[in-house]
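Participant: One structure, as structure tokens, below. Some questions next.
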Amino acid sequence: MEGTFVDWLLYFVRLLVSTLGVFFACGLLVHLISRLFARLLGRGSGVLFDVTSVVGTPVHELGHAAMCLVFGHKITRMRLWTPHPENGVYGFVEHSYSKRNPWAKFGNLFIGMGPLFSGLGVTVLMLWLCYPALWREYLGHSADMAAMGKLSFGELADGVLLLLRGVFEAFRTDWLRSLLGLCVILPVSLHISLSPQDVRGSLGSLPLVLVLLVVLACATFWTPARDPIIAGLDVFNLRLFSLFVLVIGFSLIWLALALLIRLIRFVVDCF
């Protein structure tokens, strides 16, 4: 297959965006929602963060810990939840690794983003356990879009809104299981946000990731494998994004709550 250097560069950029773009975009969006929630509520947000940290923080830290095990890092110290957090720290995972081990160094990227994986995994698990019919319907909806090979933000949003409405409507038929689902999913969605330390840890392995992608781009650009690789990454990203959108949707519930409380405070202050 033929192609100029500019074509290769565009291919490399597309590989970069297709492999890391969804993770960083979703992580950044959830972080912004969390910061905006805290800003809208001010000091009142601390109470909600404290209460929800009982569920959300262990899931957050277990995401880091699981990735440490996958990439051969040694966990030296870990606290899944601290009852009296200082400086906004509700838990932590300290780990070490051999700087000569490229697999372990590469793993820093995924260890930093670990809470995204654990938060997404717990959200999917609770939807499957507590709202099986809604979950099957949403999976079918996203599978149809994946089969068409294109991303429609409008259709994704419609699917998420239908699922969220169904979650609250499920209280009419099985309030106990519905309450259990929300008591896990909502705290997780508030604490899935990546801390500055998480982001710095991920970016530390970025040079190695770029080198690997350059090698992949050079090895495949002038071969028949180029188009299937891009097509496969497009489908993977569509499926992944359709799952992350669920977490973002539940995070937006907290933002809506903060806006409502802010509005009530404004009305009360006016009178």
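Starting from 1 in every chain, residues are counted up; chains themselves are A, B, ... following the order of the structure tokens, and ligands are numbered from 1 as listed.
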To test your reading of the structure, identify every residue in stretch 7-256 of chain A that backbone DSSP assigns to helix (DSSP H, G or I), and report it as an MDAnalysis selection string.
Facilitator: chainID A and resid 7:41 44:70 102:112 114:130 132:148 153:172 175:191 196:203 206:220 226:256
Participant: Residues of stretch 159-196 of chain A that approach stretch 88-96 of chain A to 12 Å or less, counting only C-alpha atoms: could you list each one with the shortest pair of atoms and its distance in Å to one decimal, rows by chain and increasing residue number, as JSON lines?
Facilitator:
```
{"residue": "A:His191", "atom": "CA", "partner": "A:Tyr90", "partner_atom": "CA", "distance": 9.8}
{"residue": "A:Ser195", "atom": "CA", "partner": "A:Val89", "partner_atom": "CA", "distance": 9.6}
{"residue": "A:Pro196", "atom": "CA", "partner": "A:Val89", "partner_atom": "CA", "distance": 11.7}
```
Participant: Write out as an MDAnalysis selection string each polymer residue whose atoms come within 7 Å of stretch 37-51 of chain A, counting only C-alpha atoms; drop sequence neighbours fewer than 2 positions from it.
Facilitator: chainID A and resid 33:35 53:54 254:255 258:259 262
Participant: Between A:Leu252, A:Leu16, A:Val215, A:Val70, which is the closest to A:Gly107 once you count only C-alpha atoms?
Facilitator: A:Val70
Participant: Provide the atom CA of A:Leu206 to atom CA of A:Leu62 distance in Å, to one decimal place.
Facilitator: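 Atom-to-atom, atom CA of A:Leu206 and atom CA of A:Leu62 are spaced 22.6 Å apart.
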Participant: Would you work out the distance separating atom CA of A:Glu61 from atom CA of A:Ser118, expressed in Å to one decimal?
Facilitator: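 These two atoms are separated by 8.6 Å.
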Participant: Can you tell me which residues surround stretch 120-134 of chain A at a distance of at most 9 Å, considering only C-alpha atoms, apart from same-chain residues fewer than 6 positions away, and format the answer as a ChimeraX atom specification?
Facilitator: /A:59,162-163,166-167,170,177-182,184-186,188-189,192,243-244,246-247
Participant: Could you save the residues just selected, with N, CA and C atoms, as a PDB file, in the first residue's frame?
Facilitator:
```
ATOM      1  N   VAL A  59     -13.756   1.417  45.693  1.00  0.00           N
ATOM      2  CA  VAL A  59     -13.804   1.058  44.270  1.00  0.00           C
ATOM      3  C   VAL A  59     -12.710   1.803  43.510  1.00  0.00           C
ATOM      4  N   LEU A 162     -32.957   6.937  28.387  1.00  0.00           N
ATOM      5  CA  LEU A 162     -33.958   5.888  28.579  1.00  0.00           C
ATOM      6  C   LEU A 162     -33.578   4.965  29.727  1.00  0.00           C
ATOM      7  N   LEU A 163     -32.285   4.638  29.815  1.00  0.00           N
ATOM      8  CA  LEU A 163     -31.831   3.769  30.901  1.00  0.00           C
ATOM      9  C   LEU A 163     -31.972   4.467  32.252  1.00  0.00           C
ATOM     10  N   GLY A 166     -35.527   4.551  33.228  1.00  0.00           N
ATOM     11  CA  GLY A 166     -35.957   3.219  33.631  1.00  0.00           C
ATOM     12  C   GLY A 166     -35.467   2.837  35.007  1.00  0.00           C
ATOM     13  N   VAL A 167     -34.250   3.314  35.378  1.00  0.00           N
ATOM     14  CA  VAL A 167     -33.708   3.018  36.709  1.00  0.00           C
ATOM     15  C   VAL A 167     -34.621   3.565  37.793  1.00  0.00           C
ATOM     16  N   ALA A 170     -38.006   1.781  37.957  1.00  0.00           N
ATOM     17  CA  ALA A 170     -37.931   0.428  38.512  1.00  0.00           C
ATOM     18  C   ALA A 170     -38.294   0.387  39.992  1.00  0.00           C
ATOM     19  N   ARG A 177     -34.226  -3.671  45.326  1.00  0.00           N
ATOM     20  CA  ARG A 177     -33.104  -3.914  44.414  1.00  0.00           C
ATOM     21  C   ARG A 177     -32.703  -2.634  43.685  1.00  0.00           C
ATOM     22  N   SER A 178     -33.685  -1.805  43.352  1.00  0.00           N
ATOM     23  CA  SER A 178     -33.391  -0.540  42.691  1.00  0.00           C
ATOM     24  C   SER A 178     -32.613   0.388  43.609  1.00  0.00           C
ATOM     25  N   LEU A 179     -32.995   0.419  44.891  1.00  0.00           N
ATOM     26  CA  LEU A 179     -32.290   1.255  45.855  1.00  0.00           C
ATOM     27  C   LEU A 179     -30.855   0.776  46.040  1.00  0.00           C
ATOM     28  N   LEU A 180     -30.666  -0.544  46.103  1.00  0.00           N
ATOM     29  CA  LEU A 180     -29.322  -1.099  46.234  1.00  0.00           C
ATOM     30  C   LEU A 180     -28.448  -0.677  45.059  1.00  0.00           C
ATOM     31  N   GLY A 181     -28.997  -0.755  43.851  1.00  0.00           N
ATOM     32  CA  GLY A 181     -28.235  -0.377  42.670  1.00  0.00           C
ATOM     33  C   GLY A 181     -27.781   1.072  42.715  1.00  0.00           C
ATOM     34  N   LEU A 182     -28.688   1.974  43.065  1.00  0.00           N
ATOM     35  CA  LEU A 182     -28.343   3.385  43.104  1.00  0.00           C
ATOM     36  C   LEU A 182     -27.379   3.706  44.244  1.00  0.00           C
ATOM     37  N   VAL A 184     -24.979   2.047  45.192  1.00  0.00           N
ATOM     38  CA  VAL A 184     -23.617   1.687  44.775  1.00  0.00           C
ATOM     39  C   VAL A 184     -23.177   2.534  43.580  1.00  0.00           C
ATOM     40  N   ILE A 185     -24.039   2.637  42.578  1.00  0.00           N
ATOM     41  CA  ILE A 185     -23.655   3.305  41.335  1.00  0.00           C
ATOM     42  C   ILE A 185     -23.405   4.798  41.535  1.00  0.00           C
ATOM     43  N   LEU A 186     -24.275   5.476  42.268  1.00  0.00           N
ATOM     44  CA  LEU A 186     -24.120   6.918  42.434  1.00  0.00           C
ATOM     45  C   LEU A 186     -22.843   7.300  43.198  1.00  0.00           C
ATOM     46  N   VAL A 188     -20.096   5.601  43.339  1.00  0.00           N
ATOM     47  CA  VAL A 188     -18.980   5.262  42.451  1.00  0.00           C
ATOM     48  C   VAL A 188     -18.803   6.340  41.388  1.00  0.00           C
ATOM     49  N   SER A 189     -19.906   6.830  40.827  1.00  0.00           N
ATOM     50  CA  SER A 189     -19.819   7.847  39.777  1.00  0.00           C
ATOM     51  C   SER A 189     -19.255   9.160  40.304  1.00  0.00           C
ATOM     52  N   ILE A 192     -15.155   8.353  40.854  1.00  0.00           N
ATOM     53  CA  ILE A 192     -14.356   7.775  39.778  1.00  0.00           C
ATOM     54  C   ILE A 192     -13.364   8.797  39.230  1.00  0.00           C
ATOM     55  N   LEU A 243     -20.191   2.572  27.019  1.00  0.00           N
ATOM     56  CA  LEU A 243     -20.190   2.197  28.429  1.00  0.00           C
ATOM     57  C   LEU A 243     -19.800   3.385  29.307  1.00  0.00           C
ATOM     58  N   PHE A 244     -18.774   4.115  28.889  1.00  0.00           N
ATOM     59  CA  PHE A 244     -18.346   5.272  29.675  1.00  0.00           C
ATOM     60  C   PHE A 244     -19.440   6.335  29.757  1.00  0.00           C
ATOM     61  N   LEU A 246     -22.459   5.882  30.211  1.00  0.00           N
ATOM     62  CA  LEU A 246     -23.324   5.534  31.339  1.00  0.00           C
ATOM     63  C   LEU A 246     -22.793   6.144  32.632  1.00  0.00           C
ATOM     64  N   VAL A 247     -21.482   5.992  32.871  1.00  0.00           N
ATOM     65  CA  VAL A 247     -20.869   6.560  34.074  1.00  0.00           C
ATOM     66  C   VAL A 247     -21.019   8.079  34.071  1.00  0.00           C
TER      67      VAL A 247
END
```
Participant: Quick check, in Å to one decimal: how far apart do atom CA of A:Trp81 and atom CA of A:Thr57 lie?
Facilitator: 6.1 Å
Participant: Pick out the closest residue to A:Gly114 from this set: A:Leu10, A:Val160, A:Met78, A:Leu194. Count only C-alpha atoms.
Facilitator: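 Of A:Leu10, A:Val160, A:Met78, A:Leu194, the one nearest A:Gly114, counting only C-alpha atoms, is A:Leu194.
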Participant: For A:Gly201, which residue among A:Arg100, A:His60, A:Lys105, A:Arg77 is the nearest when counting only C-alpha atoms?
Facilitator: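 Of A:Arg100, A:His60, A:Lys105, A:Arg77, the one nearest A:Gly201 is A:Lys105, counting only C-alpha atoms.
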Participant: So that I can check the surroundings of A:Val199, please list as a ChimeraX atom specification every protein, DNA and RNA residue that reaches within 12 Å of it, counting only C-alpha atoms and ignoring chain neighbours fewer than 3 positions away.
Facilitator: /A:23-24,27-28,31,108-116,193-196,202-206
Participant: Store the residues of this selection in a file with N, CA and C atoms, as a CSV table (one decimal), in the first residue's frame.
Facilitator:
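Contents of the output file out-v9.csv:
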```csv
chain,number,residue,atom,x,y,z
A,23,PHE,N,-10.2,7.1,26.8
A,23,PHE,CA,-9.9,7.0,28.2
A,23,PHE,C,-9.7,8.4,28.8
A,24,PHE,N,-8.8,9.2,28.1
A,24,PHE,CA,-8.5,10.5,28.7
A,24,PHE,C,-9.6,11.5,28.6
A,27,GLY,N,-12.1,10.4,31.3
A,27,GLY,CA,-11.6,10.7,32.6
A,27,GLY,C,-11.6,12.2,32.9
A,28,LEU,N,-11.2,13.0,31.9
A,28,LEU,CA,-11.3,14.5,32.0
A,28,LEU,C,-12.7,15.0,32.3
A,31,HIS,N,-13.9,14.2,35.7
A,31,HIS,CA,-13.2,15.1,36.7
A,31,HIS,C,-13.8,16.5,36.7
A,108,ASN,N,2.2,2.0,34.1
A,108,ASN,CA,1.9,3.3,34.8
A,108,ASN,C,0.7,4.0,34.2
A,109,LEU,N,0.6,3.9,32.9
A,109,LEU,CA,-0.5,4.5,32.2
A,109,LEU,C,-1.9,4.0,32.7
A,110,PHE,N,-2.0,2.6,32.8
A,110,PHE,CA,-3.2,2.0,33.2
A,110,PHE,C,-3.5,2.0,34.7
A,111,ILE,N,-2.4,2.1,35.5
A,111,ILE,CA,-2.5,2.2,36.9
A,111,ILE,C,-3.1,3.5,37.3
A,112,GLY,N,-2.7,4.6,36.6
A,112,GLY,CA,-3.2,5.9,36.9
A,112,GLY,C,-4.7,6.0,36.5
A,113,MET,N,-5.1,5.3,35.5
A,113,MET,CA,-6.5,5.3,35.0
A,113,MET,C,-7.3,4.2,35.6
A,114,GLY,N,-6.7,3.4,36.6
A,114,GLY,CA,-7.4,2.3,37.2
A,114,GLY,C,-8.8,2.6,37.7
A,115,PRO,N,-9.1,3.7,38.3
A,115,PRO,CA,-10.4,4.0,38.8
A,115,PRO,C,-11.5,4.1,37.7
A,116,LEU,N,-11.1,4.4,36.5
A,116,LEU,CA,-12.0,4.4,35.4
A,116,LEU,C,-12.5,3.0,35.1
A,193,SER,N,-13.6,10.1,39.6
A,193,SER,CA,-12.7,11.1,39.1
A,193,SER,C,-11.2,10.9,39.4
A,194,LEU,N,-10.4,11.1,38.4
A,194,LEU,CA,-8.9,10.9,38.6
A,194,LEU,C,-8.3,12.2,39.3
A,195,SER,N,-7.5,11.9,40.3
A,195,SER,CA,-6.8,12.9,41.0
A,195,SER,C,-5.6,13.4,40.2
A,196,PRO,N,-5.0,14.6,40.5
A,196,PRO,CA,-3.8,15.1,39.8
A,196,PRO,C,-2.7,14.1,39.9
A,202,SER,N,0.0,8.5,35.1
A,202,SER,CA,-0.3,8.0,33.7
A,202,SER,C,0.6,8.6,32.7
A,203,LEU,N,0.8,10.0,32.8
A,203,LEU,CA,1.6,10.7,31.8
A,203,LEU,C,3.0,10.3,31.9
A,204,GLY,N,3.5,9.7,33.0
A,204,GLY,CA,4.9,9.3,33.1
A,204,GLY,C,5.3,8.2,32.1
A,205,SER,N,4.3,7.4,31.7
A,205,SER,CA,4.6,6.4,30.7
A,205,SER,C,4.3,6.8,29.3
A,206,LEU,N,3.8,8.0,29.1
A,206,LEU,CA,3.4,8.4,27.8
A,206,LEU,C,4.5,8.3,26.7
```
Participant: Mind checking which residues fall within 12 Å of stretch 222-224 of chain A, counting only C-alpha atoms, ignoring those fewer than 4 positions away in the same chain, and posting them as a VMD selection string?
Facilitator: chain A and resid 1 to 5 7 to 8 11 216 to 218 228 to 230
Participant: How about saving the chosen residues, C-alpha atoms kept, as a short mmCIF file (atom, residue, chain, number, x, y, z; two decimals), in the first residue's frame?
Facilitator:
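New file part-v4.cif:
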```
data_model
loop_
_atom_site.label_atom_id
_atom_site.label_comp_id
_atom_site.auth_asym_id
_atom_site.auth_seq_id
_atom_site.Cartn_x
_atom_site.Cartn_y
_atom_site.Cartn_z
CA MET A 1 0.00 0.00 0.00
CA GLU A 2 1.25 3.48 -0.90
CA GLY A 3 1.28 6.63 1.19
CA THR A 4 3.26 9.77 1.89
CA PHE A 5 4.84 10.82 5.17
CA ASP A 7 -0.46 10.12 5.34
CA TRP A 8 1.65 8.11 7.80
CA TYR A 11 -2.39 7.40 10.56
CA LEU A 216 3.09 -0.07 15.23
CA ALA A 217 2.43 2.67 12.70
CA CYS A 218 5.66 1.91 10.84
CA PRO A 228 -8.66 -3.54 9.44
CA ILE A 229 -6.74 -2.10 12.41
CA ILE A 230 -8.49 1.25 12.11
#
```
Participant: Name the residues of stretch 32-110 of chain A that fall into strand (DSSP E) according to DSSP on the backbone, using the chain letters and numbers of this document, as number ranges by chain.
Facilitator: A: 74-79, 92-96
Participant: Create the file for the chosen residues now, containing N, CA and C atoms and written as a CSV table (one decimal), in the first residue's frame.
Facilitator:
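To be explicit, this is the file written out as result_6.csv:
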```
chain,number,residue,atom,x,y,z
A,74,LYS,N,4.7,-3.8,42.8
A,74,LYS,CA,4.5,-4.3,44.2
A,74,LYS,C,3.8,-3.2,45.0
A,75,ILE,N,2.7,-3.6,45.6
A,75,ILE,CA,1.9,-2.7,46.4
A,75,ILE,C,2.6,-2.7,47.8
A,76,THR,N,3.1,-1.5,48.2
A,76,THR,CA,3.8,-1.4,49.4
A,76,THR,C,2.9,-0.9,50.6
A,77,ARG,N,1.9,-0.2,50.3
A,77,ARG,CA,1.0,0.3,51.3
A,77,ARG,C,-0.3,0.7,50.6
A,78,MET,N,-1.5,0.3,51.3
A,78,MET,CA,-2.8,0.6,50.7
A,78,MET,C,-3.8,0.9,51.8
A,79,ARG,N,-4.6,1.9,51.6
A,79,ARG,CA,-5.8,2.2,52.4
A,79,ARG,C,-7.0,2.4,51.5
A,92,PHE,N,-5.6,5.5,49.4
A,92,PHE,CA,-4.4,5.6,48.6
A,92,PHE,C,-3.8,4.2,48.3
A,93,VAL,N,-3.1,4.1,47.3
A,93,VAL,CA,-2.3,2.9,47.0
A,93,VAL,C,-0.9,3.3,46.6
A,94,GLU,N,0.1,2.9,47.4
A,94,GLU,CA,1.5,3.1,47.2
A,94,GLU,C,2.1,1.9,46.6
A,95,HIS,N,2.9,2.1,45.5
A,95,HIS,CA,3.5,0.9,44.8
A,95,HIS,C,4.8,1.2,44.3
A,96,SER,N,5.6,0.2,44.0
A,96,SER,CA,6.9,0.3,43.4
A,96,SER,C,7.1,-0.7,42.3
```
